[in-house]
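Enquirer: Starting off with a structure, shown below.
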Amino acid sequence: MFSKKLTKPIANLSFEHRALLFAELSAIAYYEGKDATREAKKLGFTTVEFYNIKGAEAYRFMNKHDFVIACRGTQPKQWNDIKADAEAWPVVSETVGRVHKGFKHEVDKLWPQIEEDLEREQAERNVWFTGHSLGAGMATICASRCKGENKCTNPKELHTYGTPRVGWPSYINHIPFKHYRWRNNNDIVTRVPMRWMGYKHHGTCHYFNHFGNLRNYTPWQIAKDRWRGFFVSILKGKFDPISDHNINEYIKHLNNLANGSKEAPQPSAMKSLDPITLMKN
């Protein structure tokens, strides 16, 4: 982990440091018991609670200033997670429109306990949501429910990393709070479920290119990086769409961004891997 221990409310951090902190908490959400508690306390959280209801999992990280829900992402060896990802058929949401069936069912398991804790603890705290992968989809739905509940304070922000699409436009357009959606280059999970199923992304996209530099999210930038990343990863014996999904890649890029590291160099050797050059050859 790269963040220093919190000595002030999260809202007082710079945007870049908030994004880094939530990426780290999304990573900690994959940890078990004592390990998660130890790492969260290093970051300045005094209360750590693990929700685990019929395979749906999330953490509550809390101190005197802030209340953070971090939903756990997909664990490849957990059948419940694989099933949740695979149940991509859109179903009627708890608010308006249609939403991913698997993500909704995972949140349905956790929401009564999360809502109860929010009602009890939120009075003097800012509420934040975060998650990676499956956890990002769940965090989006949780934040949406929080916004719609009289008992629940409106969430301050939602930060998601490598999030899949969550709902139809009618559902997405009903979510008015600040959502910062982070995407790392060719991350394959950000491309599912397919648009032809009616799904749409929510939030403002912050896009890291192949070199880990923040770039405008444009069709040309995406196409250029997709080919560049694909060919370079093949040479390294990796599969770029999978490796780019790793939460540690997000943390690495955000750490560079938050701490003022210079942009990664774009070596001249990459010119030979330009897809247009390859096509000409």
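Here, A, B, ... name the chains of the structure tokens in the order displayed, residue numbers run from 1 inside each chain, and ligands are numbered from 1 in the same displayed order.
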Mind dumping a table of every segment 19-61 of chain A residue within 12 Å of segment 179-192 of chain A, with the nearest atom pair and its distance in Å to one decimal, using only C-alpha atoms, sorted by chain and rising number, as a Markdown table?
Expert:
```
| residue | atom | partner | partner_atom | distance |
| --- | --- | --- | --- | --- |
| A:Ala19 | CA | A:Tyr180 | CA | 8.4 |
| A:Leu20 | CA | A:Trp182 | CA | 10.7 |
| A:Phe22 | CA | A:Tyr180 | CA | 10.8 |
| A:Ala23 | CA | A:Trp182 | CA | 9.5 |
```
Enquirer: Write out as JSON, numbers by chain each polymer residue whose atoms come within 12 Å of Ala58 of chain A, counting only C-alpha atoms; drop sequence neighbours fewer than 6 positions from it.
Expert: {"A": [25, 26, 27, 28, 29, 30, 31, 32, 33, 36, 48, 49, 50, 51, 52, 68, 69, 70, 71, 72, 73, 74, 106, 107, 109, 110, 111, 113, 114, 129, 130, 131, 132, 134, 135, 136, 138, 139, 142]}
Enquirer: Using DSSP on the backbone, list every residue of segment 4-218 of chain A that comes out as helix (DSSP H, G or I), and give them as a VMD selection string.
Expert: chain A and resid 10 to 12 15 to 28 33 to 42 79 to 86 101 to 121 134 to 148 169 to 172 188 to 191 195 to 197
Enquirer: Please produce a file of the residues just selected, as a PDB file, in the first residue's frame, where the atoms kept are C-alpha atoms.
Expert:
```pdb
ATOM      1  CA  ILE A  10     -11.190  11.822   3.294  1.00  0.00           C
ATOM      2  CA  ALA A  11     -13.012  14.834   1.816  1.00  0.00           C
ATOM      3  CA  ASN A  12      -9.952  16.965   2.638  1.00  0.00           C
ATOM      4  CA  PHE A  15      -8.965  14.033  -5.733  1.00  0.00           C
ATOM      5  CA  GLU A  16      -5.963  11.935  -6.781  1.00  0.00           C
ATOM      6  CA  HIS A  17      -5.218  10.805  -3.218  1.00  0.00           C
ATOM      7  CA  ARG A  18      -8.878   9.931  -2.638  1.00  0.00           C
ATOM      8  CA  ALA A  19      -8.841   7.800  -5.783  1.00  0.00           C
ATOM      9  CA  LEU A  20      -5.665   6.046  -4.625  1.00  0.00           C
ATOM     10  CA  LEU A  21      -7.081   5.433  -1.151  1.00  0.00           C
ATOM     11  CA  PHE A  22     -10.273   3.866  -2.510  1.00  0.00           C
ATOM     12  CA  ALA A  23      -8.282   1.654  -4.885  1.00  0.00           C
ATOM     13  CA  GLU A  24      -6.277   0.433  -1.905  1.00  0.00           C
ATOM     14  CA  LEU A  25      -9.459  -0.230   0.079  1.00  0.00           C
ATOM     15  CA  SER A  26     -10.856  -2.137  -2.921  1.00  0.00           C
ATOM     16  CA  ALA A  27      -7.719  -4.280  -2.810  1.00  0.00           C
ATOM     17  CA  ILE A  28      -8.005  -4.786   0.956  1.00  0.00           C
ATOM     18  CA  GLY A  33     -10.044 -11.206   8.583  1.00  0.00           C
ATOM     19  CA  LYS A  34      -6.945 -10.102  10.455  1.00  0.00           C
ATOM     20  CA  ASP A  35      -5.049  -9.171   7.303  1.00  0.00           C
ATOM     21  CA  ALA A  36      -7.787  -6.788   6.171  1.00  0.00           C
ATOM     22  CA  THR A  37      -8.053  -5.243   9.635  1.00  0.00           C
ATOM     23  CA  ARG A  38      -4.294  -4.754   9.873  1.00  0.00           C
ATOM     24  CA  GLU A  39      -4.036  -3.043   6.484  1.00  0.00           C
ATOM     25  CA  ALA A  40      -7.098  -0.861   7.042  1.00  0.00           C
ATOM     26  CA  LYS A  41      -5.781   0.346  10.391  1.00  0.00           C
ATOM     27  CA  LYS A  42      -2.504   1.297   8.705  1.00  0.00           C
ATOM     28  CA  TRP A  79     -18.552 -20.396  -7.512  1.00  0.00           C
ATOM     29  CA  ASN A  80     -20.900 -17.778  -6.062  1.00  0.00           C
ATOM     30  CA  ASP A  81     -18.833 -14.980  -7.665  1.00  0.00           C
ATOM     31  CA  ILE A  82     -18.647 -16.724 -11.033  1.00  0.00           C
ATOM     32  CA  LYS A  83     -22.396 -17.294 -10.966  1.00  0.00           C
ATOM     33  CA  ALA A  84     -23.053 -13.637 -10.095  1.00  0.00           C
ATOM     34  CA  ASP A  85     -20.904 -12.464 -13.013  1.00  0.00           C
ATOM     35  CA  ALA A  86     -22.556 -14.903 -15.404  1.00  0.00           C
ATOM     36  CA  LYS A 101     -29.334  -9.754 -12.270  1.00  0.00           C
ATOM     37  CA  GLY A 102     -26.228 -11.246 -10.640  1.00  0.00           C
ATOM     38  CA  PHE A 103     -24.974  -7.976  -9.155  1.00  0.00           C
ATOM     39  CA  LYS A 104     -28.445  -7.102  -7.870  1.00  0.00           C
ATOM     40  CA  HIS A 105     -28.876 -10.464  -6.135  1.00  0.00           C
ATOM     41  CA  GLU A 106     -25.507 -10.081  -4.382  1.00  0.00           C
ATOM     42  CA  VAL A 107     -26.501  -6.647  -3.090  1.00  0.00           C
ATOM     43  CA  ASP A 108     -29.928  -7.959  -2.049  1.00  0.00           C
ATOM     44  CA  LYS A 109     -28.151 -10.293   0.381  1.00  0.00           C
ATOM     45  CA  LEU A 110     -26.039  -7.569   1.975  1.00  0.00           C
ATOM     46  CA  TRP A 111     -28.257  -4.506   1.853  1.00  0.00           C
ATOM     47  CA  PRO A 112     -30.365  -5.018   5.008  1.00  0.00           C
ATOM     48  CA  GLN A 113     -27.211  -5.191   7.177  1.00  0.00           C
ATOM     49  CA  ILE A 114     -25.464  -2.337   5.361  1.00  0.00           C
ATOM     50  CA  GLU A 115     -28.581  -0.175   5.613  1.00  0.00           C
ATOM     51  CA  GLU A 116     -28.864  -0.878   9.330  1.00  0.00           C
ATOM     52  CA  ASP A 117     -25.235   0.109   9.908  1.00  0.00           C
ATOM     53  CA  LEU A 118     -25.609   3.244   7.798  1.00  0.00           C
ATOM     54  CA  GLU A 119     -28.662   4.333   9.746  1.00  0.00           C
ATOM     55  CA  ARG A 120     -26.815   3.852  13.045  1.00  0.00           C
ATOM     56  CA  GLU A 121     -23.390   5.246  12.181  1.00  0.00           C
ATOM     57  CA  LEU A 134     -17.764  -7.558  -9.412  1.00  0.00           C
ATOM     58  CA  GLY A 135     -17.325  -5.374  -6.328  1.00  0.00           C
ATOM     59  CA  ALA A 136     -17.529  -2.272  -8.515  1.00  0.00           C
ATOM     60  CA  GLY A 137     -20.878  -3.365  -9.909  1.00  0.00           C
ATOM     61  CA  MET A 138     -22.159  -4.119  -6.410  1.00  0.00           C
ATOM     62  CA  ALA A 139     -20.869  -0.791  -5.059  1.00  0.00           C
ATOM     63  CA  THR A 140     -22.720   1.074  -7.815  1.00  0.00           C
ATOM     64  CA  ILE A 141     -26.003  -0.594  -6.894  1.00  0.00           C
ATOM     65  CA  CYS A 142     -25.395  -0.034  -3.163  1.00  0.00           C
ATOM     66  CA  ALA A 143     -24.731   3.654  -3.733  1.00  0.00           C
ATOM     67  CA  SER A 144     -27.856   3.904  -5.873  1.00  0.00           C
ATOM     68  CA  ARG A 145     -29.960   2.412  -3.079  1.00  0.00           C
ATOM     69  CA  CYS A 146     -28.360   4.686  -0.545  1.00  0.00           C
ATOM     70  CA  LYS A 147     -29.322   7.682  -2.650  1.00  0.00           C
ATOM     71  CA  GLY A 148     -32.897   6.490  -2.847  1.00  0.00           C
ATOM     72  CA  PRO A 169     -29.877   3.751 -19.500  1.00  0.00           C
ATOM     73  CA  SER A 170     -33.107   4.301 -17.548  1.00  0.00           C
ATOM     74  CA  TYR A 171     -31.396   2.873 -14.448  1.00  0.00           C
ATOM     75  CA  ILE A 172     -28.073   4.614 -15.022  1.00  0.00           C
ATOM     76  CA  ILE A 188     -11.671  -6.689 -20.496  1.00  0.00           C
ATOM     77  CA  VAL A 189     -14.206  -6.518 -17.653  1.00  0.00           C
ATOM     78  CA  THR A 190     -15.062  -2.927 -18.574  1.00  0.00           C
ATOM     79  CA  ARG A 191     -16.449  -4.225 -21.883  1.00  0.00           C
ATOM     80  CA  ARG A 195     -24.037  -3.010 -25.263  1.00  0.00           C
ATOM     81  CA  TRP A 196     -26.424  -5.011 -27.452  1.00  0.00           C
ATOM     82  CA  MET A 197     -27.983  -6.307 -24.230  1.00  0.00           C
TER      83      MET A 197
END
```
Enquirer: Give me, as a short mmCIF file (atom, residue, chain, number, x, y, z; two decimals) with N, CA and C atoms, in the first residue's frame, the residues of segment 22-261 of chain A that a backbone DSSP run labels strand (DSSP E or B).
Expert:
```cif
data_model
loop_
_atom_site.label_atom_id
_atom_site.label_comp_id
_atom_site.auth_asym_id
_atom_site.auth_seq_id
_atom_site.Cartn_x
_atom_site.Cartn_y
_atom_site.Cartn_z
N THR A 47 -12.48 1.01 12.75
CA THR A 47 -13.49 -0.04 12.77
C THR A 47 -13.49 -0.77 11.43
N VAL A 48 -13.40 -2.08 11.47
CA VAL A 48 -13.45 -2.90 10.26
C VAL A 48 -14.46 -4.01 10.48
N GLU A 49 -15.46 -4.09 9.64
CA GLU A 49 -16.47 -5.14 9.73
C GLU A 49 -16.61 -5.84 8.39
N PHE A 50 -16.64 -7.15 8.41
CA PHE A 50 -16.76 -7.95 7.20
C PHE A 50 -18.18 -8.47 7.06
N TYR A 51 -18.81 -8.18 5.94
CA TYR A 51 -20.13 -8.73 5.63
C TYR A 51 -19.93 -9.96 4.74
N ASN A 52 -20.48 -11.06 5.12
CA ASN A 52 -20.40 -12.28 4.31
C ASN A 52 -21.72 -13.02 4.47
N ILE A 53 -22.62 -12.82 3.52
CA ILE A 53 -23.95 -13.40 3.58
C ILE A 53 -24.20 -14.22 2.32
N ALA A 56 -22.03 -13.38 -0.70
CA ALA A 56 -21.90 -11.96 -1.05
C ALA A 56 -21.03 -11.30 0.02
N GLU A 57 -20.00 -10.54 -0.40
CA GLU A 57 -19.00 -10.08 0.55
C GLU A 57 -18.65 -8.60 0.36
N ALA A 58 -18.47 -7.91 1.47
CA ALA A 58 -18.06 -6.51 1.46
C ALA A 58 -17.48 -6.18 2.82
N TYR A 59 -16.79 -5.03 2.89
CA TYR A 59 -16.23 -4.55 4.15
C TYR A 59 -16.79 -3.18 4.48
N ARG A 60 -16.89 -2.92 5.76
CA ARG A 60 -17.16 -1.56 6.25
C ARG A 60 -15.90 -1.07 6.94
N PHE A 61 -15.33 0.02 6.43
CA PHE A 61 -14.17 0.67 7.04
C PHE A 61 -14.63 2.01 7.60
N MET A 62 -14.34 2.26 8.87
CA MET A 62 -14.91 3.44 9.50
C MET A 62 -13.94 4.07 10.49
N ASP A 66 -15.37 9.19 8.61
CA ASP A 66 -15.81 8.57 7.36
C ASP A 66 -16.33 7.15 7.53
N PHE A 67 -17.22 6.78 6.63
CA PHE A 67 -17.86 5.46 6.57
C PHE A 67 -17.71 4.98 5.13
N VAL A 68 -16.92 3.94 4.92
CA VAL A 68 -16.65 3.45 3.57
C VAL A 68 -17.14 2.01 3.43
N ILE A 69 -17.94 1.77 2.39
CA ILE A 69 -18.32 0.40 2.02
C ILE A 69 -17.48 0.01 0.80
N ALA A 70 -16.70 -1.05 0.95
CA ALA A 70 -15.88 -1.57 -0.15
C ALA A 70 -16.35 -2.99 -0.45
N CYS A 71 -16.94 -3.18 -1.63
CA CYS A 71 -17.45 -4.49 -2.01
C CYS A 71 -16.34 -5.33 -2.62
N PRO A 90 -30.66 -8.69 -17.73
CA PRO A 90 -31.19 -7.53 -16.99
C PRO A 90 -32.55 -7.82 -16.37
N VAL A 91 -32.70 -7.44 -15.11
CA VAL A 91 -33.95 -7.62 -14.39
C VAL A 91 -34.41 -6.27 -13.83
N VAL A 92 -35.66 -6.20 -13.47
CA VAL A 92 -36.22 -4.95 -12.93
C VAL A 92 -35.48 -4.59 -11.64
N ARG A 98 -33.78 -1.37 -15.57
CA ARG A 98 -33.28 -2.74 -15.40
C ARG A 98 -31.80 -2.73 -15.06
N VAL A 99 -31.41 -3.76 -14.31
CA VAL A 99 -30.06 -3.85 -13.77
C VAL A 99 -29.57 -5.29 -13.89
N HIS A 100 -28.26 -5.46 -13.82
CA HIS A 100 -27.62 -6.78 -13.92
C HIS A 100 -28.15 -7.71 -12.82
N ASN A 126 -19.11 11.16 6.60
CA ASN A 126 -19.35 11.09 5.16
C ASN A 126 -19.39 9.63 4.73
N VAL A 127 -20.29 9.33 3.79
CA VAL A 127 -20.45 7.96 3.30
C VAL A 127 -19.86 7.84 1.90
N TRP A 128 -19.04 6.81 1.71
CA TRP A 128 -18.36 6.58 0.43
C TRP A 128 -18.54 5.12 0.04
N PHE A 129 -18.52 4.85 -1.27
CA PHE A 129 -18.59 3.48 -1.77
C PHE A 129 -17.47 3.24 -2.77
N THR A 130 -16.97 2.00 -2.79
CA THR A 130 -15.91 1.66 -3.73
C THR A 130 -15.91 0.16 -3.99
N GLY A 131 -15.21 -0.23 -5.06
CA GLY A 131 -15.10 -1.65 -5.38
C GLY A 131 -14.39 -1.86 -6.70
N HIS A 132 -13.92 -3.08 -6.89
CA HIS A 132 -13.21 -3.49 -8.10
C HIS A 132 -13.91 -4.69 -8.70
N GLU A 157 -19.18 10.16 -2.60
CA GLU A 157 -18.64 9.77 -3.91
C GLU A 157 -18.63 8.25 -4.03
N LEU A 158 -18.60 7.81 -5.28
CA LEU A 158 -18.39 6.40 -5.61
C LEU A 158 -17.18 6.32 -6.52
N HIS A 159 -16.21 5.46 -6.16
CA HIS A 159 -15.05 5.22 -7.01
C HIS A 159 -15.03 3.74 -7.36
N THR A 160 -14.99 3.44 -8.66
CA THR A 160 -14.96 2.05 -9.10
C THR A 160 -13.76 1.82 -10.02
N TYR A 161 -13.26 0.57 -10.00
CA TYR A 161 -12.05 0.20 -10.73
C TYR A 161 -12.34 -1.07 -11.54
N GLY A 167 -26.28 -1.41 -15.69
CA GLY A 167 -27.71 -1.34 -15.95
C GLY A 167 -28.06 -0.70 -17.27
N HIS A 179 -19.76 9.74 -9.47
CA HIS A 179 -19.17 8.41 -9.68
C HIS A 179 -17.96 8.57 -10.57
N TYR A 180 -16.78 8.20 -10.05
CA TYR A 180 -15.55 8.26 -10.81
C TYR A 180 -15.17 6.84 -11.19
N ARG A 181 -15.24 6.57 -12.48
CA ARG A 181 -15.06 5.21 -13.01
C ARG A 181 -13.67 5.12 -13.64
N TRP A 182 -12.81 4.31 -13.02
CA TRP A 182 -11.43 4.19 -13.48
C TRP A 182 -11.28 2.96 -14.37
N ARG A 183 -10.64 3.18 -15.51
CA ARG A 183 -10.41 2.08 -16.47
C ARG A 183 -8.93 2.04 -16.84
N ASN A 184 -8.34 0.87 -16.78
CA ASN A 184 -6.94 0.68 -17.14
C ASN A 184 -6.84 0.04 -18.53
N LYS A 200 -25.27 0.07 -20.21
CA LYS A 200 -24.53 1.31 -20.37
C LYS A 200 -23.72 1.57 -19.11
N THR A 204 -18.17 9.23 -14.61
CA THR A 204 -17.14 9.89 -15.41
C THR A 204 -15.94 8.96 -15.53
N CYS A 205 -15.56 8.64 -16.77
CA CYS A 205 -14.46 7.71 -16.99
C CYS A 205 -13.12 8.41 -16.92
N HIS A 206 -12.21 7.84 -16.12
CA HIS A 206 -10.82 8.28 -16.05
C HIS A 206 -9.98 7.12 -16.58
N TYR A 207 -9.30 7.37 -17.70
CA TYR A 207 -8.71 6.29 -18.49
C TYR A 207 -7.18 6.34 -18.46
N PHE A 208 -6.57 5.22 -18.06
CA PHE A 208 -5.11 5.06 -18.14
C PHE A 208 -4.76 4.35 -19.44
N LEU A 214 -2.73 9.11 -17.75
CA LEU A 214 -4.13 9.49 -17.84
C LEU A 214 -4.37 10.18 -19.18
N ARG A 215 -5.35 9.69 -19.93
CA ARG A 215 -5.63 10.24 -21.26
C ARG A 215 -7.13 10.44 -21.46
#
```
Enquirer: Which residue, A:Asn209, A:Thr163, A:Asn256, A:Asn154, has the smallest gap to Pro193 of chain A when you use only C-alpha atoms?
Expert: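 The closest residue to Pro193 of chain A is A:Thr163.
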Enquirer: Have a look at A:Gly162, A:Gln122, A:Gly212, A:Leu43 and name the one nearest to Pro241 of chain A; count only C-alpha atoms.
Expert: A:Gly162
Enquirer: For atom CA of Pro155 of chain A and atom CA of Lys178 of chain A, determine how far apart the two atoms are, in Å to one decimal place.
Expert: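 Straight-line distance from atom CA of Pro155 of chain A to atom CA of Lys178 of chain A works out to 8.3 Å.
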